[in-house]
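**Q** One file is attached below, upload-v2.cif, containing mmCIF, C-alpha atoms.
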data_target
#
loop_
_atom_site.label_atom_id
_atom_site.label_comp_id
_atom_site.auth_asym_id
_atom_site.auth_seq_id
_atom_site.Cartn_x
_atom_site.Cartn_y
_atom_site.Cartn_z
CA MET A 1149 -27.57 78.62 12.13
CA PRO A 1150 -26.97 76.13 14.96
CA GLU A 1151 -29.87 74.39 16.68
CA PRO A 1152 -31.19 76.04 19.85
CA ILE A 1153 -29.97 74.73 23.18
CA GLU A 1154 -32.72 72.84 25.01
CA PHE A 1155 -33.44 73.88 28.58
CA TYR A 1156 -35.62 71.40 30.48
CA PHE A 1157 -36.89 72.40 33.91
CA ASP A 1158 -39.65 71.96 36.45
CA PHE A 1159 -41.27 75.10 37.88
CA SER A 1160 -40.91 73.62 41.37
CA SER A 1161 -37.13 73.24 41.04
CA PRO A 1162 -34.89 75.78 42.86
CA TYR A 1163 -31.88 74.79 40.76
CA GLY A 1164 -34.02 75.21 37.65
CA TYR A 1165 -34.88 78.71 38.89
CA LEU A 1166 -31.20 79.55 39.35
CA ALA A 1167 -30.35 78.23 35.88
CA SER A 1168 -33.25 80.20 34.36
CA THR A 1169 -31.59 83.43 35.45
CA ARG A 1170 -28.42 82.59 33.49
CA ILE A 1171 -29.08 80.24 30.59
CA ASP A 1172 -30.14 82.72 27.87
CA ALA A 1173 -27.24 85.13 28.46
CA LEU A 1174 -24.84 82.21 28.53
CA ALA A 1175 -26.13 80.86 25.23
CA GLU A 1176 -26.21 84.30 23.63
CA LYS A 1177 -22.51 84.77 24.45
CA HIS A 1178 -21.90 81.89 22.06
CA GLY A 1179 -24.42 83.00 19.44
CA ARG A 1180 -26.97 80.38 20.45
CA SER A 1181 -30.65 80.59 21.35
CA VAL A 1182 -32.48 78.54 23.98
CA THR A 1183 -35.73 76.57 23.75
CA TRP A 1184 -37.37 76.32 27.17
CA ARG A 1185 -39.17 73.06 27.94
CA PRO A 1186 -40.91 72.78 31.31
CA PHE A 1187 -41.90 69.27 32.28
CA LEU A 1188 -43.25 67.40 35.29
CA LEU A 1189 -40.27 66.25 37.34
CA GLY A 1190 -42.54 64.03 39.43
CA VAL A 1191 -43.11 61.82 36.38
CA ALA A 1192 -39.34 61.46 35.95
CA PHE A 1193 -38.99 60.68 39.66
CA LYS A 1194 -41.43 57.80 39.25
CA ALA A 1195 -39.20 56.43 36.47
CA THR A 1196 -35.95 56.81 38.43
CA GLY A 1197 -37.24 55.96 41.90
CA GLN A 1198 -36.31 59.36 43.33
CA GLN A 1199 -38.13 61.31 46.01
CA PRO A 1200 -38.17 65.11 46.29
CA LEU A 1201 -34.84 66.28 47.70
CA VAL A 1202 -36.09 68.05 50.79
CA GLU A 1203 -38.10 65.00 51.87
CA GLN A 1204 -34.98 62.83 52.10
CA PRO A 1205 -33.09 62.34 55.37
CA LEU A 1206 -29.68 64.08 55.42
CA ARG A 1207 -30.10 65.27 51.81
CA GLY A 1208 -33.06 67.50 52.68
CA PRO A 1209 -31.32 69.78 55.20
CA TYR A 1210 -28.21 69.97 53.01
CA HIS A 1211 -30.13 71.04 49.95
CA ARG A 1212 -32.18 73.67 51.77
CA ARG A 1213 -28.86 75.21 52.75
CA ASP A 1214 -27.37 74.73 49.30
CA PHE A 1215 -30.33 76.34 47.47
CA ALA A 1216 -29.87 79.54 49.47
CA ARG A 1217 -26.07 79.46 49.38
CA SER A 1218 -26.00 78.97 45.59
CA ALA A 1219 -28.49 81.82 45.14
CA ARG A 1220 -26.40 84.16 47.34
CA LEU A 1221 -23.32 83.35 45.27
CA LEU A 1222 -25.19 84.45 42.11
CA GLY A 1223 -26.72 87.47 43.79
CA VAL A 1224 -30.18 86.07 43.04
CA ARG A 1225 -33.04 86.66 45.46
CA PHE A 1226 -34.22 83.38 46.99
CA GLN A 1227 -37.00 82.19 49.25
CA LEU A 1228 -38.42 78.69 49.37
CA PRO A 1229 -42.24 78.69 49.07
CA GLU A 1230 -44.58 76.69 51.27
CA PRO A 1231 -45.48 74.03 50.40
CA PHE A 1232 -42.31 72.85 48.69
CA PRO A 1233 -42.09 71.03 46.34
CA PHE A 1234 -45.35 72.04 44.69
CA PRO A 1235 -47.32 70.69 41.71
CA SER A 1236 -46.53 72.88 38.72
CA LEU A 1237 -49.22 71.72 36.29
CA ALA A 1238 -50.84 75.13 35.95
CA ALA A 1239 -47.61 76.97 35.13
CA CYS A 1240 -46.51 74.26 32.67
CA ARG A 1241 -49.80 74.30 30.82
CA ALA A 1242 -49.84 78.10 30.64
CA PHE A 1243 -46.35 78.00 29.20
CA TYR A 1244 -47.20 75.51 26.45
CA TRP A 1245 -50.40 77.35 25.62
CA LEU A 1246 -48.30 80.45 24.90
CA THR A 1247 -45.06 79.16 23.47
CA ASP A 1248 -46.10 78.19 19.94
CA ARG A 1249 -47.57 81.61 19.31
CA ASP A 1250 -45.03 83.69 21.19
CA PRO A 1251 -41.99 81.89 22.66
CA ALA A 1252 -40.53 85.12 24.06
CA LEU A 1253 -43.76 85.82 25.94
CA ALA A 1254 -43.85 82.24 27.21
CA LYS A 1255 -40.30 82.66 28.53
CA ALA A 1256 -41.29 85.94 30.17
CA LEU A 1257 -44.17 84.13 31.86
CA ALA A 1258 -41.85 81.34 32.99
CA ARG A 1259 -39.47 83.89 34.48
CA ALA A 1260 -42.37 85.64 36.23
CA VAL A 1261 -43.60 82.35 37.72
CA TYR A 1262 -40.09 81.39 38.86
CA HIS A 1263 -39.53 84.83 40.37
CA ALA A 1264 -42.82 84.63 42.26
CA ALA A 1265 -42.14 81.06 43.47
CA PHE A 1266 -38.47 81.30 44.46
CA GLY A 1267 -37.64 85.00 44.46
CA LEU A 1268 -40.66 85.93 46.57
CA GLY A 1269 -41.56 82.50 48.03
CA ARG A 1270 -45.17 82.65 46.80
CA ASP A 1271 -47.49 79.68 46.47
CA MET A 1272 -47.74 79.18 42.70
CA ARG A 1273 -49.82 76.00 42.60
CA ALA A 1274 -53.12 77.56 41.64
CA ALA A 1275 -54.05 78.58 38.10
CA GLU A 1276 -55.13 81.90 39.61
CA ALA A 1277 -51.61 82.54 40.94
CA VAL A 1278 -50.15 81.90 37.48
CA ALA A 1279 -52.75 84.19 35.90
CA GLU A 1280 -51.85 86.92 38.39
CA ALA A 1281 -48.15 86.62 37.51
CA ALA A 1282 -49.06 86.72 33.80
CA GLN A 1283 -51.24 89.83 33.94
CA PRO A 1284 -48.38 92.43 34.05
CA LEU A 1285 -47.06 90.84 30.84
CA GLY A 1286 -50.31 91.69 29.05
CA ILE A 1287 -51.60 88.13 29.12
CA ASP A 1288 -55.36 87.95 29.53
CA PRO A 1289 -56.10 86.13 32.81
CA ALA A 1290 -59.44 84.71 31.62
CA ALA A 1291 -57.85 83.27 28.46
CA LEU A 1292 -55.02 81.78 30.51
CA LEU A 1293 -57.40 80.20 33.03
CA ALA A 1294 -59.43 78.69 30.21
CA ALA A 1295 -56.30 77.36 28.49
CA ILE A 1296 -55.15 75.59 31.65
CA ASN A 1297 -58.28 73.46 31.54
CA ASP A 1298 -58.22 72.94 27.77
CA PRO A 1299 -57.79 69.23 26.91
CA PRO A 1300 -55.31 69.81 24.03
CA VAL A 1301 -53.14 71.95 26.35
CA LYS A 1302 -53.26 69.23 29.02
CA GLU A 1303 -52.33 66.65 26.41
CA ARG A 1304 -49.47 68.83 25.18
CA LEU A 1305 -47.88 68.84 28.64
CA ARG A 1306 -48.27 65.07 28.91
CA VAL A 1307 -46.59 64.59 25.53
CA GLU A 1308 -43.79 67.06 26.33
CA THR A 1309 -43.06 65.29 29.62
CA GLU A 1310 -42.99 61.89 27.92
CA ALA A 1311 -40.72 63.27 25.20
CA ALA A 1312 -38.36 64.68 27.85
CA LEU A 1313 -38.04 61.28 29.53
CA ALA A 1314 -37.56 59.61 26.15
CA ARG A 1315 -34.58 61.94 25.60
CA GLY A 1316 -33.08 60.87 28.94
CA VAL A 1317 -34.13 63.90 30.98
CA PHE A 1318 -34.49 62.95 34.66
CA GLY A 1319 -33.74 66.13 36.63
CA SER A 1320 -34.08 69.90 36.63
CA PRO A 1321 -32.41 71.81 35.14
CA PHE A 1322 -31.34 69.57 32.27
CA ILE A 1323 -29.65 71.12 29.27
CA ILE A 1324 -29.01 69.47 25.91
CA ILE A 1325 -26.50 71.00 23.48
CA ASP A 1326 -26.37 69.32 20.07
CA GLY A 1327 -27.35 66.03 21.73
CA GLU A 1328 -24.94 66.36 24.67
CA PRO A 1329 -26.77 66.22 28.03
CA PHE A 1330 -25.89 68.26 31.13
CA TRP A 1331 -27.81 67.82 34.37
CA GLY A 1332 -27.83 70.42 37.09
CA HIS A 1333 -27.26 74.09 37.69
CA ASP A 1334 -23.77 73.10 38.74
CA ARG A 1335 -22.98 72.03 35.16
CA LEU A 1336 -23.43 75.55 33.71
CA GLU A 1337 -19.67 76.16 33.68
CA GLN A 1338 -19.29 72.97 31.64
CA VAL A 1339 -22.15 74.13 29.40
CA ASP A 1340 -20.28 77.40 28.87
CA ARG A 1341 -17.10 75.56 27.96
CA TRP A 1342 -18.91 73.08 25.70
CA LEU A 1343 -20.48 75.97 23.80
CA ALA A 1344 -17.09 77.65 23.46
CA THR A 1345 -15.15 74.58 22.35
CA GLY A 1346 -17.70 72.20 20.84
CA GLY A 1347 -16.73 69.54 23.35
CA TRP A 1348 -13.67 67.93 24.90
CA MET B 531 -3.59 77.50 62.62
CA PRO B 532 -7.01 76.80 61.03
CA GLU B 533 -8.64 73.39 61.33
CA PRO B 534 -8.04 70.95 58.49
CA ILE B 535 -10.67 70.66 55.79
CA GLU B 536 -12.49 67.34 56.04
CA PHE B 537 -12.69 65.26 52.88
CA TYR B 538 -15.23 62.40 53.09
CA PHE B 539 -15.30 59.87 50.30
CA ASP B 540 -16.07 56.30 49.33
CA PHE B 541 -13.43 54.34 47.43
CA SER B 542 -16.11 53.19 44.98
CA SER B 543 -17.06 56.77 44.04
CA PRO B 544 -15.87 58.14 40.67
CA TYR B 545 -16.59 61.70 41.75
CA GLY B 546 -14.66 61.04 44.97
CA TYR B 547 -11.75 59.88 42.79
CA LEU B 548 -11.89 63.08 40.72
CA ALA B 549 -11.99 65.22 43.87
CA SER B 550 -9.08 63.27 45.39
CA THR B 551 -6.85 64.45 42.54
CA ARG B 552 -7.54 68.11 43.39
CA ILE B 553 -8.48 68.62 47.02
CA ASP B 554 -5.04 68.86 48.65
CA ALA B 555 -3.62 71.32 46.12
CA LEU B 556 -6.79 73.39 46.39
CA ALA B 557 -6.55 73.52 50.20
CA GLU B 558 -2.83 74.24 50.14
CA LYS B 559 -3.43 77.28 47.94
CA HIS B 560 -5.32 78.72 50.89
CA GLY B 561 -2.86 77.52 53.56
CA ARG B 562 -5.12 74.69 54.69
CA SER B 563 -4.52 70.98 55.19
CA VAL B 564 -6.99 68.17 54.47
CA THR B 565 -8.05 65.25 56.65
CA TRP B 566 -9.18 62.33 54.49
CA ARG B 567 -12.07 60.27 55.84
CA PRO B 568 -13.21 57.29 53.76
CA PHE B 569 -16.57 55.87 54.75
CA LEU B 570 -19.10 53.35 53.47
CA LEU B 571 -21.49 55.18 51.16
CA GLY B 572 -23.83 52.17 51.16
CA VAL B 573 -24.62 52.83 54.82
CA ALA B 574 -25.52 56.43 53.96
CA PHE B 575 -27.65 55.21 51.05
CA LYS B 576 -29.64 53.06 53.48
CA ALA B 577 -30.31 56.19 55.54
CA THR B 578 -31.32 58.36 52.57
CA GLY B 579 -33.10 55.72 50.48
CA GLN B 580 -30.70 56.11 47.55
CA GLN B 581 -29.53 53.40 45.17
CA PRO B 582 -26.16 53.38 43.38
CA LEU B 583 -26.27 55.89 40.51
CA VAL B 584 -25.53 53.52 37.66
CA GLU B 585 -28.31 51.16 38.73
CA GLN B 586 -30.99 53.83 38.30
CA PRO B 587 -32.98 54.19 35.07
CA LEU B 588 -32.08 57.34 33.10
CA ARG B 589 -29.63 58.48 35.77
CA GLY B 590 -27.31 55.50 35.20
CA PRO B 591 -26.49 56.12 31.52
CA TYR B 592 -26.14 59.86 32.14
CA HIS B 593 -23.69 59.41 34.97
CA ARG B 594 -21.52 56.89 33.11
CA ARG B 595 -21.14 59.56 30.45
CA ASP B 596 -20.61 62.34 33.00
CA PHE B 597 -17.91 60.43 34.93
CA ALA B 598 -15.80 60.13 31.77
CA ARG B 599 -16.60 63.62 30.52
CA SER B 600 -15.69 65.23 33.86
CA ALA B 601 -12.43 63.23 33.97
CA ARG B 602 -11.51 64.34 30.43
CA LEU B 603 -12.11 67.96 31.37
CA LEU B 604 -9.61 67.59 34.23
CA GLY B 605 -7.15 65.60 32.14
CA VAL B 606 -7.47 62.72 34.61
CA ARG B 607 -7.25 59.14 33.37
CA PHE B 608 -10.55 57.32 33.85
CA GLN B 609 -11.91 53.83 33.46
CA LEU B 610 -14.86 52.36 35.32
CA PRO B 611 -14.01 49.01 36.96
CA GLU B 612 -16.16 45.91 36.76
CA PRO B 613 -18.10 45.34 38.91
CA PHE B 614 -19.17 48.87 39.69
CA PRO B 615 -20.02 49.97 42.31
CA PHE B 616 -17.87 47.74 44.47
CA PRO B 617 -17.65 47.11 48.23
CA SER B 618 -14.71 49.14 49.55
CA LEU B 619 -14.36 47.64 53.04
CA ALA B 620 -10.80 46.42 52.50
CA ALA B 621 -9.47 49.76 51.25
CA CYS B 622 -11.25 51.68 54.03
CA ARG B 623 -9.90 49.44 56.75
CA ALA B 624 -6.37 49.59 55.36
CA PHE B 625 -6.64 53.39 55.33
CA TYR B 626 -7.74 53.65 58.96
CA TRP B 627 -5.13 51.12 60.08
CA LEU B 628 -2.45 53.44 58.65
CA THR B 629 -3.76 56.93 59.20
CA ASP B 630 -3.16 57.42 62.92
CA ARG B 631 0.50 56.46 62.58
CA ASP B 632 1.19 58.07 59.23
CA PRO B 633 -1.58 60.17 57.64
CA ALA B 634 0.59 61.03 54.62
CA LEU B 635 1.19 57.35 53.92
CA ALA B 636 -2.52 56.61 54.37
CA LYS B 637 -3.32 59.32 51.80
CA ALA B 638 -0.73 57.85 49.44
CA LEU B 639 -2.42 54.47 49.81
CA ALA B 640 -5.84 56.02 49.17
CA ARG B 641 -4.50 57.68 46.02
CA ALA B 642 -2.97 54.37 44.88
CA VAL B 643 -6.28 52.54 45.43
CA TYR B 644 -8.27 55.24 43.62
CA HIS B 645 -5.81 55.25 40.73
CA ALA B 646 -6.00 51.46 40.41
CA ALA B 647 -9.82 51.46 40.62
CA PHE B 648 -10.70 54.42 38.38
CA GLY B 649 -7.48 55.30 36.56
CA LEU B 650 -6.82 51.72 35.50
CA GLY B 651 -10.28 50.18 36.00
CA ARG B 652 -9.01 47.40 38.30
CA ASP B 653 -11.14 45.31 40.61
CA MET B 654 -10.17 46.60 44.08
CA ARG B 655 -12.62 44.66 46.20
CA ALA B 656 -10.20 42.08 47.58
CA ALA B 657 -7.81 42.74 50.46
CA GLU B 658 -5.10 41.25 48.24
CA ALA B 659 -5.70 43.91 45.56
CA VAL B 660 -5.33 46.65 48.19
CA ALA B 661 -2.16 45.02 49.51
CA GLU B 662 -0.73 44.91 46.00
CA ALA B 663 -1.43 48.63 45.50
CA ALA B 664 0.18 49.30 48.89
CA GLN B 665 3.41 47.39 48.32
CA PRO B 666 5.17 50.02 46.11
CA LEU B 667 4.62 52.49 48.97
CA GLY B 668 6.68 50.30 51.29
CA ILE B 669 3.66 48.97 53.17
CA ASP B 670 4.09 45.36 54.26
CA PRO B 671 1.40 43.29 52.53
CA ALA B 672 1.19 40.69 55.31
CA ALA B 673 0.72 43.38 57.97
CA LEU B 674 -1.96 45.08 55.85
CA LEU B 675 -3.83 41.83 55.25
CA ALA B 676 -3.78 41.07 58.97
CA ALA B 677 -4.99 44.59 59.81
CA ILE B 678 -7.98 44.29 57.48
CA ASN B 679 -9.26 41.40 59.59
CA ASP B 680 -8.37 42.98 62.92
CA PRO B 681 -11.54 43.60 65.00
CA PRO B 682 -10.46 47.06 66.28
CA VAL B 683 -9.78 48.16 62.68
CA LYS B 684 -13.19 46.86 61.60
CA GLU B 685 -14.77 48.68 64.51
CA ARG B 686 -12.91 51.87 63.61
CA LEU B 687 -14.47 51.92 60.14
CA ARG B 688 -17.92 51.31 61.60
CA VAL B 689 -17.47 54.23 64.02
CA GLU B 690 -16.07 56.52 61.31
CA THR B 691 -19.00 55.78 59.02
CA GLU B 692 -21.50 56.43 61.82
CA ALA B 693 -19.71 59.66 62.70
CA ALA B 694 -19.85 60.77 59.04
CA LEU B 695 -23.62 60.24 58.93
CA ALA B 696 -24.02 62.02 62.27
CA ARG B 697 -22.27 65.04 60.69
CA GLY B 698 -24.75 65.01 57.80
CA VAL B 699 -22.53 63.30 55.22
CA PHE B 700 -24.66 61.43 52.66
CA GLY B 701 -22.61 61.42 49.45
CA SER B 702 -19.12 61.23 48.01
CA PRO B 703 -17.16 63.42 47.87
CA PHE B 704 -18.38 65.50 50.81
CA ILE B 705 -16.21 68.34 52.07
CA ILE B 706 -16.62 70.23 55.33
CA ILE B 707 -14.86 73.57 55.84
CA ASP B 708 -15.17 75.03 59.33
CA GLY B 709 -18.57 73.35 59.65
CA GLU B 710 -19.81 74.34 56.17
CA PRO B 711 -20.80 71.29 54.07
CA PHE B 712 -20.23 70.90 50.33
CA TRP B 713 -21.44 67.82 48.47
CA GLY B 714 -20.03 66.75 45.15
CA HIS B 715 -17.02 67.15 42.93
CA ASP B 716 -18.99 69.88 41.20
CA ARG B 717 -18.81 72.02 44.36
CA LEU B 718 -15.00 72.35 44.29
CA GLU B 719 -15.17 75.79 42.69
CA GLN B 720 -17.43 76.86 45.57
CA VAL B 721 -15.00 75.22 48.02
CA ASP B 722 -12.19 77.26 46.44
CA ARG B 723 -14.16 80.45 46.81
CA TRP B 724 -15.26 79.64 50.37
CA LEU B 725 -11.62 79.10 51.36
CA ALA B 726 -10.63 82.38 49.71
CA THR B 727 -13.40 84.49 51.21
CA GLY B 728 -14.54 82.71 54.38
CA GLY B 729 -18.05 82.47 52.99
CA TRP B 730 -20.68 84.58 51.27
#
When written as structure tokens, how does the structure in this file appear?
**A**
Amino acid sequence: MPEPIEFYFDFSSPYGYLASTRIDALAEKHGRSVTWRPFLLGVAFKATGQQPLVEQPLRGPYHRRDFARSARLLGVRFQLPEPFPFPSLAACRAFYWLTDRDPALAKALARAVYHAAFGLGRDMRAAEAVAEAAQPLGIDPAALLAAINDPPVKERLRVETEAALARGVFGSPFIIIDGEPFWGHDRLEQVDRWLATGGW
Amino acid sequence: MPEPIEFYFDFSSPYGYLASTRIDALAEKHGRSVTWRPFLLGVAFKATGQQPLVEQPLRGPYHRRDFARSARLLGVRFQLPEPFPFPSLAACRAFYWLTDRDPALAKALARAVYHAAFGLGRDMRAAEAVAEAAQPLGIDPAALLAAINDPPVKERLRVETEAALARGVFGSPFIIIDGEPFWGHDRLEQVDRWLATGGW
């Protein structure tokens, strides 16, 4: 049984959102599973000296256009929330609280948060917003809100983010297949080919 | 007759090199021509606050790997020159000196410079290196060396680079189709589709 593909992403990343709508089906086509690993892109930005895309001259306007254009090409609903980018601590912590017990449920929560943030353009900063997105999945809002403030859960996110950087992850989405790194939603065709051929 | 596609690039850009091997054939498939427009990416980086890719922590090692991997996928010979990145003033000026009189010859020179820099890994900073790459194309080395120091040619490159930034160009390669901007070698599949469909 081959190792799962690793899918690193930040909940405040539009390209991560787009990749999240495709990555599991793509892996499944090649008999592979996917481990989702949200992390805090802002920590990586501090290491690489990057600023959020939309805050950069010239690059900002281009990427606003490109987010929407790439979503239209996939037929994926897209709306940028306000504010953007947004701190995604609450969603990340909720994810890690769930994933050891029920990775499929944690993925479902991640998809619900992404859909709310970039499909509907909702403000997903607050723990309450994450709890609201989780409720239709049968996740108890009070338990989720408590978990988000639980020190071990906070520590887990810190460790996961550090581990991501230690593996060379600096952007979102970032996909690792058997040690081979691919950065960006625009590398998914290469990911597909790598899975089919084992490399080139 | 539709307007030519505009192909902006820096001679020190590996992804620009990769795109240069594909862009004309891609446009021709859709009955379009391509205007090549080298510019100084360093000036754009000053505007956007970027640093050269390979000088950035985490991003540098990834991109060295991705340059070579993307080239292998295309079956394009690739070797990174030393130093990298390199100032491409001489190549840019030689290009603009030629292009008004003979755009096909200017493209041939650009291809020769790109091949020397990234196909063979040669140091193409010096005017003499550009002149040497130009000679097999029947371009007089003495005339080219004189042109590179000609004030109107220098001014032309300055104006072209300013005009690129004014159009929103911030990276290499950067392709504009009927006003629609596409950044990156990894957008060529979208460029292909845009040319086929007129947009989505």
**Q** CA of Trp1348 in chain A and CA of Leu1336 in chain A are how many Å apart?
**A** 15.2 Å
**Q** Once the PyMOL selection byres ((chain B) within 12 of (chain A)) has been evaluated on this model, what residues remain selected, and can you format them as a ChimeraX atom specification?
**A** /B:574-605,694-701,704,706,710-721,723-724,727,729-730
**Q** Keeping C-alpha atoms for every residue in the selection just given, could you write it to a file as a compact mmCIF listing (two decimals), in the frame of the given file?
**A**
# COMPACT_ATOMS: atom_id res chain seq x y z
CA ALA B 574 -25.52 56.43 53.96
CA PHE B 575 -27.65 55.21 51.05
CA LYS B 576 -29.64 53.06 53.48
CA ALA B 577 -30.31 56.19 55.54
CA THR B 578 -31.32 58.36 52.57
CA GLY B 579 -33.10 55.72 50.48
CA GLN B 580 -30.70 56.11 47.55
CA GLN B 581 -29.53 53.40 45.17
CA PRO B 582 -26.16 53.38 43.38
CA LEU B 583 -26.27 55.89 40.51
CA VAL B 584 -25.53 53.52 37.66
CA GLU B 585 -28.31 51.16 38.73
CA GLN B 586 -30.99 53.83 38.30
CA PRO B 587 -32.98 54.19 35.07
CA LEU B 588 -32.08 57.34 33.10
CA ARG B 589 -29.63 58.48 35.77
CA GLY B 590 -27.31 55.50 35.20
CA PRO B 591 -26.49 56.12 31.52
CA TYR B 592 -26.14 59.86 32.14
CA HIS B 593 -23.69 59.41 34.97
CA ARG B 594 -21.52 56.89 33.11
CA ARG B 595 -21.14 59.56 30.45
CA ASP B 596 -20.61 62.34 33.00
CA PHE B 597 -17.91 60.43 34.93
CA ALA B 598 -15.80 60.13 31.77
CA ARG B 599 -16.60 63.62 30.52
CA SER B 600 -15.69 65.23 33.86
CA ALA B 601 -12.43 63.23 33.97
CA ARG B 602 -11.51 64.34 30.43
CA LEU B 603 -12.11 67.96 31.37
CA LEU B 604 -9.61 67.59 34.23
CA GLY B 605 -7.15 65.60 32.14
CA ALA B 694 -19.85 60.77 59.04
CA LEU B 695 -23.62 60.24 58.93
CA ALA B 696 -24.02 62.02 62.27
CA ARG B 697 -22.27 65.04 60.69
CA GLY B 698 -24.75 65.01 57.80
CA VAL B 699 -22.53 63.30 55.22
CA PHE B 700 -24.66 61.43 52.66
CA GLY B 701 -22.61 61.42 49.45
CA PHE B 704 -18.38 65.50 50.81
CA ILE B 706 -16.62 70.23 55.33
CA GLU B 710 -19.81 74.34 56.17
CA PRO B 711 -20.80 71.29 54.07
CA PHE B 712 -20.23 70.90 50.33
CA TRP B 713 -21.44 67.82 48.47
CA GLY B 714 -20.03 66.75 45.15
CA HIS B 715 -17.02 67.15 42.93
CA ASP B 716 -18.99 69.88 41.20
CA ARG B 717 -18.81 72.02 44.36
CA LEU B 718 -15.00 72.35 44.29
CA GLU B 719 -15.17 75.79 42.69
CA GLN B 720 -17.43 76.86 45.57
CA VAL B 721 -15.00 75.22 48.02
CA ARG B 723 -14.16 80.45 46.81
CA TRP B 724 -15.26 79.64 50.37
CA THR B 727 -13.40 84.49 51.21
CA GLY B 729 -18.05 82.47 52.99
CA TRP B 730 -20.68 84.58 51.27
**Q** Report as a list in words the residues that result from applying the PyMOL selection byres ((chain B and resi 619) around 10) to the structure here.
**A**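 Checking the PyMOL selection byres ((chain B and resi 619) around 10) against this file, the residues are Asp540, Phe541, Ser542, Pro568, Phe569, Leu570, Phe616, Pro617, Ser618, Ala620, Ala621, Cys622, Arg623, Ala624, Phe625, Met654, Arg655, Ala656, Ala657, Ile678, Lys684, Leu687 and Arg688 of chain B.
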**Q** Residues as selected, C-alpha atoms, written as a PDB file, keeping the file's coordinate frame, can you do that?
**A**
ATOM      1  CA  ASP B 540     -16.070  56.300  49.330  1.00  0.00           C
ATOM      2  CA  PHE B 541     -13.430  54.340  47.430  1.00  0.00           C
ATOM      3  CA  SER B 542     -16.110  53.190  44.980  1.00  0.00           C
ATOM      4  CA  PRO B 568     -13.210  57.290  53.760  1.00  0.00           C
ATOM      5  CA  PHE B 569     -16.570  55.870  54.750  1.00  0.00           C
ATOM      6  CA  LEU B 570     -19.100  53.350  53.470  1.00  0.00           C
ATOM      7  CA  PHE B 616     -17.870  47.740  44.470  1.00  0.00           C
ATOM      8  CA  PRO B 617     -17.650  47.110  48.230  1.00  0.00           C
ATOM      9  CA  SER B 618     -14.710  49.140  49.550  1.00  0.00           C
ATOM     10  CA  ALA B 620     -10.800  46.420  52.500  1.00  0.00           C
ATOM     11  CA  ALA B 621      -9.470  49.760  51.250  1.00  0.00           C
ATOM     12  CA  CYS B 622     -11.250  51.680  54.030  1.00  0.00           C
ATOM     13  CA  ARG B 623      -9.900  49.440  56.750  1.00  0.00           C
ATOM     14  CA  ALA B 624      -6.370  49.590  55.360  1.00  0.00           C
ATOM     15  CA  PHE B 625      -6.640  53.390  55.330  1.00  0.00           C
ATOM     16  CA  MET B 654     -10.170  46.600  44.080  1.00  0.00           C
ATOM     17  CA  ARG B 655     -12.620  44.660  46.200  1.00  0.00           C
ATOM     18  CA  ALA B 656     -10.200  42.080  47.580  1.00  0.00           C
ATOM     19  CA  ALA B 657      -7.810  42.740  50.460  1.00  0.00           C
ATOM     20  CA  ILE B 678      -7.980  44.290  57.480  1.00  0.00           C
ATOM     21  CA  LYS B 684     -13.190  46.860  61.600  1.00  0.00           C
ATOM     22  CA  LEU B 687     -14.470  51.920  60.140  1.00  0.00           C
ATOM     23  CA  ARG B 688     -17.920  51.310  61.600  1.00  0.00           C
TER      24      ARG B 688
END
**Q** Could you tell me which residues the PyMOL selection byres ((chain A and resi 1255) around 12) grabs in this file, written as an NGL selection string?
**A** :A and (1155 or 1168-1169 or 1171-1172 or 1182-1186 or 1239-1240 or 1242-1254 or 1256-1262 or 1282 or 1285)
**Q** Tell me, as an mmCIF file with C-alpha atoms, keeping the file's coordinate frame, which residues lie within 9 Å of Pro1152 in chain A, counting only C-alpha atoms; anything in the same chain fewer than 4 positions away does not count.
**A**
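Contents of around_4.cif, freshly written:
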data_model
loop_
_atom_site.group_PDB
_atom_site.id
_atom_site.type_symbol
_atom_site.label_atom_id
_atom_site.label_comp_id
_atom_site.auth_asym_id
_atom_site.auth_seq_id
_atom_site.Cartn_x
_atom_site.Cartn_y
_atom_site.Cartn_z
ATOM 1 C CA ALA A 1175 -26.130 80.860 25.230
ATOM 2 C CA ARG A 1180 -26.970 80.380 20.450
ATOM 3 C CA SER A 1181 -30.650 80.590 21.350
ATOM 4 C CA VAL A 1182 -32.480 78.540 23.980
ATOM 5 C CA THR A 1183 -35.730 76.570 23.750
ATOM 6 C CA ILE A 1325 -26.500 71.000 23.480
ATOM 7 C CA ASP A 1326 -26.370 69.320 20.070
#
**Q** Kindly give the distance, in Å, that separates CA of His1263 in chain A and CA of Pro1300 in chain A, rounded to a single decimal.
**A**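 Value for the CA of His1263 in chain A-CA of Pro1300 in chain A distance: 27.2 Å.
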**Q** So how far away is CA of Gly1327 in chain A from CA of Met1149 in chain A, in Å?
**A** 15.8 Å
**Q** Find the residues near Pro611 in chain B: any atom within 7 Å, counting all atoms listed in the file, skip ones fewer than 6 places away on the same chain, and give them as a tab-separated table (two decimals) with C-alpha atoms, keeping the file's coordinate frame.
**A**
chain	number	residue	atom	x	y	z
B	647	ALA	CA	-9.82	51.46	40.62
B	648	PHE	CA	-10.70	54.42	38.38
B	651	GLY	CA	-10.28	50.18	36.00
B	652	ARG	CA	-9.01	47.40	38.30
B	653	ASP	CA	-11.14	45.31	40.61
